file coords.txt (compact mmCIF, N, CA and C atoms)
# COMPACT_ATOMS: atom_id res chain seq x y z
N MET A 1 166.98 7.69 48.80
CA MET A 1 165.60 7.45 49.17
C MET A 1 165.49 6.04 49.76
N SER A 2 164.82 5.94 50.86
CA SER A 2 164.66 4.63 51.49
C SER A 2 163.41 3.97 50.95
N ASN A 3 163.16 2.80 51.45
CA ASN A 3 161.97 2.08 51.05
C ASN A 3 160.95 2.05 52.20
N LEU A 4 160.75 3.20 52.84
CA LEU A 4 159.77 3.31 53.91
C LEU A 4 158.40 2.92 53.36
N PRO A 5 157.78 1.90 53.95
CA PRO A 5 156.46 1.48 53.45
C PRO A 5 155.45 2.62 53.51
N ASN A 6 154.57 2.66 52.54
CA ASN A 6 153.57 3.73 52.47
C ASN A 6 152.70 3.79 53.72
N GLU A 7 152.41 2.64 54.31
CA GLU A 7 151.56 2.64 55.51
C GLU A 7 152.25 3.28 56.71
N LEU A 8 153.56 3.54 56.60
CA LEU A 8 154.29 4.20 57.68
C LEU A 8 154.50 5.69 57.41
N ARG A 9 153.85 6.20 56.41
CA ARG A 9 153.92 7.63 56.12
C ARG A 9 152.75 8.33 56.81
N VAL A 10 153.04 9.48 57.42
CA VAL A 10 151.99 10.22 58.13
C VAL A 10 151.44 11.37 57.31
N GLY A 11 152.02 11.62 56.14
CA GLY A 11 151.50 12.66 55.25
C GLY A 11 151.95 14.06 55.58
N LEU A 12 152.98 14.17 56.41
CA LEU A 12 153.56 15.48 56.73
C LEU A 12 155.03 15.39 56.36
N GLU A 13 155.45 16.20 55.41
CA GLU A 13 156.80 16.08 54.83
C GLU A 13 157.91 16.08 55.87
N SER A 14 157.85 16.99 56.84
CA SER A 14 158.94 17.07 57.83
C SER A 14 159.08 15.78 58.63
N ILE A 15 157.98 15.18 59.02
CA ILE A 15 158.03 13.93 59.78
C ILE A 15 158.38 12.76 58.87
N ASP A 16 157.76 12.68 57.71
CA ASP A 16 158.05 11.59 56.80
C ASP A 16 159.51 11.58 56.37
N ALA A 17 160.11 12.74 56.17
CA ALA A 17 161.53 12.81 55.78
C ALA A 17 162.42 12.23 56.88
N ARG A 18 162.13 12.57 58.13
CA ARG A 18 162.91 12.00 59.24
C ARG A 18 162.72 10.49 59.32
N HIS A 19 161.50 10.03 59.09
CA HIS A 19 161.24 8.59 59.13
C HIS A 19 161.93 7.88 57.98
N GLU A 20 161.99 8.51 56.83
CA GLU A 20 162.74 7.95 55.69
C GLU A 20 164.20 7.74 56.08
N GLU A 21 164.79 8.75 56.69
CA GLU A 21 166.19 8.66 57.10
C GLU A 21 166.39 7.54 58.12
N PHE A 22 165.52 7.48 59.12
CA PHE A 22 165.63 6.42 60.12
C PHE A 22 165.51 5.05 59.47
N TRP A 23 164.51 4.89 58.61
CA TRP A 23 164.25 3.59 57.99
C TRP A 23 165.44 3.12 57.15
N ALA A 24 166.05 4.03 56.41
CA ALA A 24 167.21 3.68 55.60
C ALA A 24 168.36 3.19 56.48
N LEU A 25 168.61 3.90 57.58
CA LEU A 25 169.66 3.48 58.51
C LEU A 25 169.31 2.15 59.18
N PHE A 26 168.07 2.01 59.59
CA PHE A 26 167.60 0.77 60.23
C PHE A 26 167.77 -0.42 59.29
N GLU A 27 167.41 -0.26 58.04
CA GLU A 27 167.55 -1.35 57.06
C GLU A 27 169.02 -1.77 56.90
N LYS A 28 169.92 -0.81 56.87
CA LYS A 28 171.35 -1.12 56.79
C LYS A 28 171.82 -1.82 58.05
N LEU A 29 171.35 -1.35 59.21
CA LEU A 29 171.77 -1.93 60.48
C LEU A 29 171.33 -3.37 60.62
N LYS A 30 170.13 -3.69 60.15
CA LYS A 30 169.61 -5.06 60.28
C LYS A 30 170.51 -6.09 59.59
N VAL A 31 171.18 -5.69 58.53
CA VAL A 31 171.99 -6.64 57.77
C VAL A 31 173.49 -6.39 57.94
N ALA A 32 173.86 -5.54 58.88
CA ALA A 32 175.26 -5.18 59.09
C ALA A 32 176.07 -6.39 59.55
N SER A 33 177.29 -6.45 59.09
CA SER A 33 178.21 -7.48 59.58
C SER A 33 178.60 -7.14 61.01
N ASP A 34 179.19 -8.09 61.69
CA ASP A 34 179.67 -7.83 63.05
C ASP A 34 180.64 -6.66 63.07
N ALA A 35 181.49 -6.57 62.06
CA ALA A 35 182.50 -5.51 62.01
C ALA A 35 181.87 -4.13 61.79
N GLU A 36 180.75 -4.07 61.10
CA GLU A 36 180.08 -2.80 60.79
C GLU A 36 179.07 -2.38 61.85
N PHE A 37 178.61 -3.32 62.64
CA PHE A 37 177.42 -3.13 63.46
C PHE A 37 177.53 -1.96 64.44
N ILE A 38 178.57 -1.90 65.24
CA ILE A 38 178.64 -0.87 66.29
C ILE A 38 178.63 0.53 65.68
N ALA A 39 179.42 0.74 64.63
CA ALA A 39 179.45 2.07 64.01
C ALA A 39 178.09 2.44 63.43
N LEU A 40 177.41 1.50 62.79
CA LEU A 40 176.09 1.78 62.24
C LEU A 40 175.06 1.99 63.35
N PHE A 41 175.16 1.21 64.42
CA PHE A 41 174.24 1.38 65.54
C PHE A 41 174.44 2.77 66.15
N GLU A 42 175.68 3.20 66.29
CA GLU A 42 175.94 4.55 66.79
C GLU A 42 175.30 5.60 65.88
N GLU A 43 175.38 5.38 64.58
CA GLU A 43 174.78 6.31 63.63
C GLU A 43 173.25 6.35 63.80
N VAL A 44 172.64 5.19 64.01
CA VAL A 44 171.20 5.14 64.24
C VAL A 44 170.83 5.87 65.52
N VAL A 45 171.59 5.66 66.59
CA VAL A 45 171.31 6.32 67.86
C VAL A 45 171.45 7.83 67.72
N GLU A 46 172.50 8.30 67.08
CA GLU A 46 172.69 9.75 66.90
C GLU A 46 171.58 10.34 66.03
N HIS A 47 171.23 9.64 64.98
CA HIS A 47 170.12 10.12 64.14
C HIS A 47 168.84 10.19 64.97
N THR A 48 168.59 9.17 65.77
CA THR A 48 167.37 9.10 66.57
C THR A 48 167.31 10.24 67.58
N LYS A 49 168.44 10.55 68.22
CA LYS A 49 168.47 11.68 69.15
C LYS A 49 168.09 12.98 68.44
N ALA A 50 168.68 13.22 67.28
CA ALA A 50 168.38 14.43 66.52
C ALA A 50 166.94 14.42 66.02
N HIS A 51 166.49 13.27 65.55
CA HIS A 51 165.11 13.09 65.07
C HIS A 51 164.13 13.45 66.17
N PHE A 52 164.36 12.92 67.37
CA PHE A 52 163.46 13.19 68.49
C PHE A 52 163.49 14.67 68.88
N ALA A 53 164.66 15.27 68.86
CA ALA A 53 164.76 16.69 69.22
C ALA A 53 163.96 17.55 68.23
N GLN A 54 164.06 17.23 66.94
CA GLN A 54 163.31 17.98 65.93
C GLN A 54 161.81 17.77 66.12
N GLU A 55 161.44 16.53 66.37
CA GLU A 55 160.03 16.23 66.56
C GLU A 55 159.47 16.93 67.80
N GLU A 56 160.23 16.92 68.87
CA GLU A 56 159.79 17.55 70.12
C GLU A 56 159.67 19.07 69.96
N ALA A 57 160.46 19.65 69.07
CA ALA A 57 160.35 21.08 68.79
C ALA A 57 159.01 21.41 68.12
N ASP A 58 158.40 20.42 67.47
CA ASP A 58 157.10 20.60 66.82
C ASP A 58 155.92 20.39 67.77
N MET A 59 156.20 20.10 69.04
CA MET A 59 155.13 19.71 69.96
C MET A 59 154.57 20.85 70.81
N GLU A 60 154.90 22.06 70.50
CA GLU A 60 154.39 23.19 71.29
C GLU A 60 152.86 23.15 71.31
N GLY A 61 152.31 23.11 72.52
CA GLY A 61 150.86 23.10 72.68
C GLY A 61 150.20 21.75 72.42
N TYR A 62 150.98 20.72 72.17
CA TYR A 62 150.46 19.39 71.88
C TYR A 62 150.02 18.72 73.18
N ALA A 63 148.78 18.27 73.25
CA ALA A 63 148.21 17.73 74.49
C ALA A 63 148.95 16.49 74.99
N ASN A 64 149.52 15.71 74.09
CA ASN A 64 150.20 14.47 74.48
C ASN A 64 151.72 14.61 74.49
N LYS A 65 152.18 15.83 74.62
CA LYS A 65 153.62 16.12 74.57
C LYS A 65 154.39 15.31 75.62
N TYR A 66 153.96 15.32 76.85
CA TYR A 66 154.69 14.64 77.93
C TYR A 66 154.83 13.15 77.63
N GLU A 67 153.73 12.51 77.29
CA GLU A 67 153.76 11.07 77.01
C GLU A 67 154.65 10.76 75.82
N HIS A 68 154.58 11.60 74.80
CA HIS A 68 155.37 11.40 73.60
C HIS A 68 156.87 11.53 73.93
N GLU A 69 157.21 12.56 74.68
CA GLU A 69 158.61 12.75 75.06
C GLU A 69 159.10 11.61 75.96
N GLN A 70 158.26 11.13 76.84
CA GLN A 70 158.64 10.00 77.69
C GLN A 70 158.90 8.75 76.86
N GLU A 71 158.10 8.54 75.84
CA GLU A 71 158.31 7.41 74.94
C GLU A 71 159.65 7.54 74.21
N HIS A 72 159.98 8.74 73.80
CA HIS A 72 161.28 8.98 73.17
C HIS A 72 162.41 8.65 74.14
N GLN A 73 162.29 9.10 75.37
CA GLN A 73 163.34 8.86 76.36
C GLN A 73 163.52 7.37 76.62
N LYS A 74 162.42 6.65 76.74
CA LYS A 74 162.51 5.19 76.96
C LYS A 74 163.18 4.50 75.78
N ALA A 75 162.86 4.93 74.57
CA ALA A 75 163.46 4.33 73.38
C ALA A 75 164.97 4.57 73.35
N LEU A 76 165.38 5.80 73.66
CA LEU A 76 166.82 6.09 73.68
C LEU A 76 167.52 5.29 74.77
N GLU A 77 166.92 5.18 75.93
CA GLU A 77 167.54 4.41 77.01
C GLU A 77 167.72 2.95 76.60
N GLU A 78 166.72 2.41 75.91
CA GLU A 78 166.83 1.03 75.44
C GLU A 78 167.94 0.90 74.41
N MET A 79 168.05 1.85 73.50
CA MET A 79 169.12 1.82 72.51
C MET A 79 170.49 1.90 73.19
N TRP A 80 170.62 2.80 74.16
CA TRP A 80 171.89 2.94 74.87
C TRP A 80 172.24 1.65 75.61
N TYR A 81 171.24 1.01 76.20
CA TYR A 81 171.46 -0.25 76.91
C TYR A 81 172.05 -1.30 75.97
N PHE A 82 171.45 -1.45 74.79
CA PHE A 82 171.94 -2.46 73.86
C PHE A 82 173.24 -2.04 73.18
N MET A 83 173.47 -0.75 73.03
CA MET A 83 174.76 -0.29 72.53
C MET A 83 175.86 -0.67 73.52
N ASP A 84 175.59 -0.48 74.79
CA ASP A 84 176.54 -0.87 75.83
C ASP A 84 176.83 -2.37 75.76
N LYS A 85 175.80 -3.18 75.58
CA LYS A 85 176.00 -4.63 75.43
C LYS A 85 176.91 -4.92 74.25
N ALA A 86 176.65 -4.27 73.12
CA ALA A 86 177.46 -4.51 71.92
C ALA A 86 178.91 -4.14 72.15
N LYS A 87 179.13 -3.00 72.79
CA LYS A 87 180.51 -2.54 73.02
C LYS A 87 181.23 -3.36 74.07
N ASN A 88 180.49 -4.14 74.85
CA ASN A 88 181.10 -4.96 75.89
C ASN A 88 181.07 -6.44 75.55
N GLY A 89 181.14 -6.73 74.26
CA GLY A 89 181.31 -8.09 73.81
C GLY A 89 180.04 -8.91 73.68
N LYS A 90 178.89 -8.30 73.82
CA LYS A 90 177.63 -9.04 73.71
C LYS A 90 176.85 -8.54 72.48
N LEU A 91 177.52 -8.62 71.37
CA LEU A 91 176.96 -8.15 70.10
C LEU A 91 175.67 -8.89 69.76
N PHE A 92 175.62 -10.17 70.10
CA PHE A 92 174.43 -10.97 69.80
C PHE A 92 173.17 -10.32 70.35
N PHE A 93 173.22 -9.83 71.59
CA PHE A 93 172.04 -9.22 72.21
C PHE A 93 171.61 -7.95 71.47
N ALA A 94 172.57 -7.16 71.08
CA ALA A 94 172.24 -5.92 70.37
C ALA A 94 171.67 -6.22 68.99
N LYS A 95 172.24 -7.20 68.30
CA LYS A 95 171.73 -7.56 66.98
C LYS A 95 170.32 -8.14 67.08
N ALA A 96 170.07 -8.92 68.11
CA ALA A 96 168.73 -9.47 68.31
C ALA A 96 167.73 -8.36 68.60
N TYR A 97 168.13 -7.38 69.39
CA TYR A 97 167.26 -6.22 69.68
C TYR A 97 166.90 -5.50 68.39
N VAL A 98 167.88 -5.26 67.54
CA VAL A 98 167.62 -4.55 66.29
C VAL A 98 166.66 -5.37 65.42
N LYS A 99 166.91 -6.65 65.29
CA LYS A 99 166.09 -7.48 64.40
C LYS A 99 164.70 -7.76 64.96
N ASP A 100 164.61 -7.93 66.28
CA ASP A 100 163.35 -8.38 66.87
C ASP A 100 162.51 -7.29 67.53
N ARG A 101 163.11 -6.17 67.89
CA ARG A 101 162.37 -5.18 68.68
C ARG A 101 162.33 -3.79 68.06
N LEU A 102 163.45 -3.29 67.57
CA LEU A 102 163.54 -1.90 67.16
C LEU A 102 162.54 -1.55 66.06
N GLY A 103 162.44 -2.37 65.04
CA GLY A 103 161.50 -2.10 63.95
C GLY A 103 160.06 -2.11 64.42
N ASP A 104 159.72 -3.06 65.29
CA ASP A 104 158.35 -3.12 65.83
C ASP A 104 158.06 -1.88 66.67
N TRP A 105 159.02 -1.46 67.48
CA TRP A 105 158.82 -0.25 68.28
C TRP A 105 158.57 0.95 67.35
N PHE A 106 159.41 1.07 66.33
CA PHE A 106 159.29 2.20 65.40
C PHE A 106 157.89 2.22 64.77
N ARG A 107 157.45 1.08 64.26
CA ARG A 107 156.12 1.01 63.64
C ARG A 107 155.02 1.41 64.61
N THR A 108 155.05 0.85 65.80
CA THR A 108 154.01 1.14 66.79
C THR A 108 154.02 2.60 67.19
N HIS A 109 155.21 3.13 67.43
CA HIS A 109 155.34 4.54 67.82
C HIS A 109 154.83 5.45 66.70
N LEU A 110 155.24 5.17 65.50
CA LEU A 110 154.86 5.98 64.35
C LEU A 110 153.34 5.94 64.14
N LEU A 111 152.77 4.75 64.15
CA LEU A 111 151.35 4.61 63.85
C LEU A 111 150.46 5.17 64.95
N ASN A 112 150.94 5.22 66.17
CA ASN A 112 150.14 5.73 67.27
C ASN A 112 150.50 7.18 67.59
N MET A 113 151.71 7.42 67.99
CA MET A 113 152.09 8.74 68.49
C MET A 113 152.41 9.73 67.39
N ASP A 114 153.25 9.34 66.45
CA ASP A 114 153.66 10.28 65.40
C ASP A 114 152.50 10.63 64.47
N SER A 115 151.63 9.67 64.19
CA SER A 115 150.50 9.98 63.32
C SER A 115 149.56 10.97 64.00
N ASP A 116 149.41 10.84 65.33
CA ASP A 116 148.57 11.80 66.06
C ASP A 116 149.21 13.19 66.06
N LEU A 117 150.52 13.23 66.29
CA LEU A 117 151.22 14.51 66.24
C LEU A 117 151.07 15.16 64.86
N ALA A 118 151.22 14.38 63.81
CA ALA A 118 151.07 14.92 62.45
C ALA A 118 149.66 15.48 62.24
N ARG A 119 148.66 14.77 62.75
CA ARG A 119 147.28 15.24 62.64
C ARG A 119 147.12 16.61 63.31
N VAL A 120 147.69 16.77 64.50
CA VAL A 120 147.58 18.01 65.24
C VAL A 120 148.33 19.14 64.52
N ILE A 121 149.50 18.84 64.01
CA ILE A 121 150.27 19.85 63.26
C ILE A 121 149.49 20.30 62.02
N ARG A 122 148.89 19.37 61.31
CA ARG A 122 148.09 19.74 60.13
C ARG A 122 146.91 20.61 60.52
N LEU A 123 146.28 20.32 61.65
CA LEU A 123 145.14 21.14 62.11
C LEU A 123 145.58 22.56 62.46
N ARG A 124 146.81 22.67 62.97
CA ARG A 124 147.34 24.00 63.31
C ARG A 124 147.55 24.84 62.07
N GLY A 125 147.82 24.13 60.94
CA GLY A 125 148.04 24.84 59.69
C GLY A 125 149.39 25.34 59.64
call {"tool": "encode", "arguments": {"input": "coords.txt", "output": "structure tokens"}}
result
Amino acid sequence: MSNLPNELRVGLESIDARHEEFWALFEKLKVASDAEFIALFEEVVEHTKAHFAQEEADMEGYANKYEHEQEHQKALEEMWYFMDKAKNGKLFFAKAYVKDRLGDWFRTHLLNMDSDLARVIRLRG
């Protein structure tokens, strides 16, 4: 069980469970040693790809589906960009991205887009 803050829960088990998994990996990645970082970052990226695919499967008929999927694509592209930096000897840039940007992106995305998706899914019943 991760320590996902309560304010980041959307109240829908399927989404909250994925966010718990992401948060646990993110917390480990933030404090990873240089030797551990690339492997853990790869794990976060793979989890995020699967997380987004599952979430997008829940978007049938969702009015904001296109925008939400575009946000997912931009996030993955940013992760891949910094993964490439890490693998090419610029670990500092990737670690700074994780510490300074990734968590903020996750919070903003969750509180705006994912909470709206959860609301729509709950209305669908």
call {"tool": "closest_residue", "arguments": {"input": "coords.txt", "among": "A:Leu102, A:Val10, A:Ala63, A:Ile121", "to": "Phe22 (chain A)", "atoms": "only C-alpha atoms"}}
result
A:Leu102
call {"tool": "closest_residue", "arguments": {"input": "coords.txt", "among": "A:Arg101, A:Lys90, A:Lys30, A:Lys49", "to": "Leu76 (chain A)", "atoms": "only C-alpha atoms"}}
result
A:Lys49
call {"tool": "atom_distance", "arguments": {"input": "coords.txt", "atom1": "CA of Leu111 (chain A)", "atom2": "CA of Leu8 (chain A)"}}
result
6.8 Å
call {"tool": "select_by_dssp", "arguments": {"input": "coords.txt", "residues": "region 40-116 of chain A", "states": "alpha helix (DSSP H)", "output": "mmCIF file with N, CA and C atoms, keeping the file's coordinate frame"}}
result
data_model
loop_
_atom_site.group_PDB
_atom_site.id
_atom_site.type_symbol
_atom_site.label_atom_id
_atom_site.label_comp_id
_atom_site.auth_asym_id
_atom_site.auth_seq_id
_atom_site.Cartn_x
_atom_site.Cartn_y
_atom_site.Cartn_z
ATOM 1 N N LEU A 40 177.410 1.500 62.790
ATOM 2 C CA LEU A 40 176.090 1.780 62.240
ATOM 3 C C LEU A 40 175.060 1.990 63.350
ATOM 4 N N PHE A 41 175.160 1.210 64.420
ATOM 5 C CA PHE A 41 174.240 1.380 65.540
ATOM 6 C C PHE A 41 174.440 2.770 66.150
ATOM 7 N N GLU A 42 175.680 3.200 66.290
ATOM 8 C CA GLU A 42 175.940 4.550 66.790
ATOM 9 C C GLU A 42 175.300 5.600 65.880
ATOM 10 N N GLU A 43 175.380 5.380 64.580
ATOM 11 C CA GLU A 43 174.780 6.310 63.630
ATOM 12 C C GLU A 43 173.250 6.350 63.800
ATOM 13 N N VAL A 44 172.640 5.190 64.010
ATOM 14 C CA VAL A 44 171.200 5.140 64.240
ATOM 15 C C VAL A 44 170.830 5.870 65.520
ATOM 16 N N VAL A 45 171.590 5.660 66.590
ATOM 17 C CA VAL A 45 171.310 6.320 67.860
ATOM 18 C C VAL A 45 171.450 7.830 67.720
ATOM 19 N N GLU A 46 172.500 8.300 67.080
ATOM 20 C CA GLU A 46 172.690 9.750 66.900
ATOM 21 C C GLU A 46 171.580 10.340 66.030
ATOM 22 N N HIS A 47 171.230 9.640 64.980
ATOM 23 C CA HIS A 47 170.120 10.120 64.140
ATOM 24 C C HIS A 47 168.840 10.190 64.970
ATOM 25 N N THR A 48 168.590 9.170 65.770
ATOM 26 C CA THR A 48 167.370 9.100 66.570
ATOM 27 C C THR A 48 167.310 10.240 67.580
ATOM 28 N N LYS A 49 168.440 10.550 68.220
ATOM 29 C CA LYS A 49 168.470 11.680 69.150
ATOM 30 C C LYS A 49 168.090 12.980 68.440
ATOM 31 N N ALA A 50 168.680 13.220 67.280
ATOM 32 C CA ALA A 50 168.380 14.430 66.520
ATOM 33 C C ALA A 50 166.940 14.420 66.020
ATOM 34 N N HIS A 51 166.490 13.270 65.550
ATOM 35 C CA HIS A 51 165.110 13.090 65.070
ATOM 36 C C HIS A 51 164.130 13.450 66.170
ATOM 37 N N PHE A 52 164.360 12.920 67.370
ATOM 38 C CA PHE A 52 163.460 13.190 68.490
ATOM 39 C C PHE A 52 163.490 14.670 68.880
ATOM 40 N N ALA A 53 164.660 15.270 68.860
ATOM 41 C CA ALA A 53 164.760 16.690 69.220
ATOM 42 C C ALA A 53 163.960 17.550 68.230
ATOM 43 N N GLN A 54 164.060 17.230 66.940
ATOM 44 C CA GLN A 54 163.310 17.980 65.930
ATOM 45 C C GLN A 54 161.810 17.770 66.120
ATOM 46 N N GLU A 55 161.440 16.530 66.370
ATOM 47 C CA GLU A 55 160.030 16.230 66.560
ATOM 48 C C GLU A 55 159.470 16.930 67.800
ATOM 49 N N GLU A 56 160.230 16.920 68.870
ATOM 50 C CA GLU A 56 159.790 17.550 70.120
ATOM 51 C C GLU A 56 159.670 19.070 69.960
ATOM 52 N N ALA A 57 160.460 19.650 69.070
ATOM 53 C CA ALA A 57 160.350 21.080 68.790
ATOM 54 C C ALA A 57 159.010 21.410 68.120
ATOM 55 N N LYS A 65 152.180 15.830 74.620
ATOM 56 C CA LYS A 65 153.620 16.120 74.570
ATOM 57 C C LYS A 65 154.390 15.310 75.620
ATOM 58 N N TYR A 66 153.960 15.320 76.850
ATOM 59 C CA TYR A 66 154.690 14.640 77.930
ATOM 60 C C TYR A 66 154.830 13.150 77.630
ATOM 61 N N GLU A 67 153.730 12.510 77.290
ATOM 62 C CA GLU A 67 153.760 11.070 77.010
ATOM 63 C C GLU A 67 154.650 10.760 75.820
ATOM 64 N N HIS A 68 154.580 11.600 74.800
ATOM 65 C CA HIS A 68 155.370 11.400 73.600
ATOM 66 C C HIS A 68 156.870 11.530 73.930
ATOM 67 N N GLU A 69 157.210 12.560 74.680
ATOM 68 C CA GLU A 69 158.610 12.750 75.060
ATOM 69 C C GLU A 69 159.100 11.610 75.960
ATOM 70 N N GLN A 70 158.260 11.130 76.840
ATOM 71 C CA GLN A 70 158.640 10.000 77.690
ATOM 72 C C GLN A 70 158.900 8.750 76.860
ATOM 73 N N GLU A 71 158.100 8.540 75.840
ATOM 74 C CA GLU A 71 158.310 7.410 74.940
ATOM 75 C C GLU A 71 159.650 7.540 74.210
ATOM 76 N N HIS A 72 159.980 8.740 73.800
ATOM 77 C CA HIS A 72 161.280 8.980 73.170
ATOM 78 C C HIS A 72 162.410 8.650 74.140
ATOM 79 N N GLN A 73 162.290 9.100 75.370
ATOM 80 C CA GLN A 73 163.340 8.860 76.360
ATOM 81 C C GLN A 73 163.520 7.370 76.620
ATOM 82 N N LYS A 74 162.420 6.650 76.740
ATOM 83 C CA LYS A 74 162.510 5.190 76.960
ATOM 84 C C LYS A 74 163.180 4.500 75.780
ATOM 85 N N ALA A 75 162.860 4.930 74.570
ATOM 86 C CA ALA A 75 163.460 4.330 73.380
ATOM 87 C C ALA A 75 164.970 4.570 73.350
ATOM 88 N N LEU A 76 165.380 5.800 73.660
ATOM 89 C CA LEU A 76 166.820 6.090 73.680
ATOM 90 C C LEU A 76 167.520 5.290 74.770
ATOM 91 N N GLU A 77 166.920 5.180 75.930
ATOM 92 C CA GLU A 77 167.540 4.410 77.010
ATOM 93 C C GLU A 77 167.720 2.950 76.600
ATOM 94 N N GLU A 78 166.720 2.410 75.910
ATOM 95 C CA GLU A 78 166.830 1.030 75.440
ATOM 96 C C GLU A 78 167.940 0.900 74.410
ATOM 97 N N MET A 79 168.050 1.850 73.500
ATOM 98 C CA MET A 79 169.120 1.820 72.510
ATOM 99 C C MET A 79 170.490 1.900 73.190
ATOM 100 N N TRP A 80 170.620 2.800 74.160
ATOM 101 C CA TRP A 80 171.890 2.940 74.870
ATOM 102 C C TRP A 80 172.240 1.650 75.610
ATOM 103 N N TYR A 81 171.240 1.010 76.200
ATOM 104 C CA TYR A 81 171.460 -0.250 76.910
ATOM 105 C C TYR A 81 172.050 -1.300 75.970
ATOM 106 N N PHE A 82 171.450 -1.450 74.790
ATOM 107 C CA PHE A 82 171.940 -2.460 73.860
ATOM 108 C C PHE A 82 173.240 -2.040 73.180
ATOM 109 N N MET A 83 173.470 -0.750 73.030
ATOM 110 C CA MET A 83 174.760 -0.290 72.530
ATOM 111 C C MET A 83 175.860 -0.670 73.520
ATOM 112 N N ASP A 84 175.590 -0.480 74.790
ATOM 113 C CA ASP A 84 176.540 -0.870 75.830
ATOM 114 C C ASP A 84 176.830 -2.370 75.760
ATOM 115 N N LYS A 85 175.800 -3.180 75.580
ATOM 116 C CA LYS A 85 176.000 -4.630 75.430
ATOM 117 C C LYS A 85 176.910 -4.920 74.250
ATOM 118 N N ALA A 86 176.650 -4.270 73.120
ATOM 119 C CA ALA A 86 177.460 -4.510 71.920
ATOM 120 C C ALA A 86 178.910 -4.140 72.150
ATOM 121 N N LYS A 87 179.130 -3.000 72.790
ATOM 122 C CA LYS A 87 180.510 -2.540 73.020
ATOM 123 C C LYS A 87 181.230 -3.360 74.070
ATOM 124 N N LEU A 91 177.520 -8.620 71.370
ATOM 125 C CA LEU A 91 176.960 -8.150 70.100
ATOM 126 C C LEU A 91 175.670 -8.890 69.760
ATOM 127 N N PHE A 92 175.620 -10.170 70.100
ATOM 128 C CA PHE A 92 174.430 -10.970 69.800
ATOM 129 C C PHE A 92 173.170 -10.320 70.350
ATOM 130 N N PHE A 93 173.220 -9.830 71.590
ATOM 131 C CA PHE A 93 172.040 -9.220 72.210
ATOM 132 C C PHE A 93 171.610 -7.950 71.470
ATOM 133 N N ALA A 94 172.570 -7.160 71.080
ATOM 134 C CA ALA A 94 172.240 -5.920 70.370
ATOM 135 C C ALA A 94 171.670 -6.220 68.990
ATOM 136 N N LYS A 95 172.240 -7.200 68.300
ATOM 137 C CA LYS A 95 171.730 -7.560 66.980
ATOM 138 C C LYS A 95 170.320 -8.140 67.080
ATOM 139 N N ALA A 96 170.070 -8.920 68.110
ATOM 140 C CA ALA A 96 168.730 -9.470 68.310
ATOM 141 C C ALA A 96 167.730 -8.360 68.600
ATOM 142 N N TYR A 97 168.130 -7.380 69.390
ATOM 143 C CA TYR A 97 167.260 -6.220 69.680
ATOM 144 C C TYR A 97 166.900 -5.500 68.390
ATOM 145 N N GLY A 103 162.440 -2.370 65.040
ATOM 146 C CA GLY A 103 161.500 -2.100 63.950
ATOM 147 C C GLY A 103 160.060 -2.110 64.420
ATOM 148 N N ASP A 104 159.720 -3.060 65.290
ATOM 149 C CA ASP A 104 158.350 -3.120 65.830
ATOM 150 C C ASP A 104 158.060 -1.880 66.670
ATOM 151 N N TRP A 105 159.020 -1.460 67.480
ATOM 152 C CA TRP A 105 158.820 -0.250 68.280
ATOM 153 C C TRP A 105 158.570 0.950 67.350
ATOM 154 N N PHE A 106 159.410 1.070 66.330
ATOM 155 C CA PHE A 106 159.290 2.200 65.400
ATOM 156 C C PHE A 106 157.890 2.220 64.770
ATOM 157 N N ARG A 107 157.450 1.080 64.260
ATOM 158 C CA ARG A 107 156.120 1.010 63.640
ATOM 159 C C ARG A 107 155.020 1.410 64.610
ATOM 160 N N THR A 108 155.050 0.850 65.800
ATOM 161 C CA THR A 108 154.010 1.140 66.790
ATOM 162 C C THR A 108 154.020 2.600 67.190
ATOM 163 N N HIS A 109 155.210 3.130 67.430
ATOM 164 C CA HIS A 109 155.340 4.540 67.820
ATOM 165 C C HIS A 109 154.830 5.450 66.700
ATOM 166 N N SER A 115 151.630 9.670 64.190
ATOM 167 C CA SER A 115 150.500 9.980 63.320
ATOM 168 C C SER A 115 149.560 10.970 64.000
ATOM 169 N N ASP A 116 149.410 10.840 65.330
ATOM 170 C CA ASP A 116 148.570 11.800 66.060
ATOM 171 C C ASP A 116 149.210 13.190 66.060
#
call {"tool": "atom_distance", "arguments": {"input": "coords.txt", "atom1": "CA of Lys95 (chain A)", "atom2": "CA of Glu56 (chain A)"}}
result
28.0 Å
call {"tool": "closest_residue", "arguments": {"input": "coords.txt", "among": "A:Leu29, A:Ala57, A:Met79, A:Leu40", "to": "Ser14 (chain A)", "atoms": "only C-alpha atoms"}}
result
A:Ala57
call {"tool": "atom_distance", "arguments": {"input": "coords.txt", "atom1": "CA of Glu77 (chain A)", "atom2": "CA of Val98 (chain A)"}}
result
14.0 Å
call {"tool": "closest_residue", "arguments": {"input": "coords.txt", "among": "A:Met83, A:Asp114, A:Phe93, A:Trp23", "to": "Phe41 (chain A)", "atoms": "only N, CA and C atoms"}}
result
A:Met83
call {"tool": "closest_residue", "arguments": {"input": "coords.txt", "among": "A:Glu55, A:Lys87, A:His72, A:His47", "to": "Ala35 (chain A)", "atoms": "only C-alpha atoms"}}
result
A:Lys87
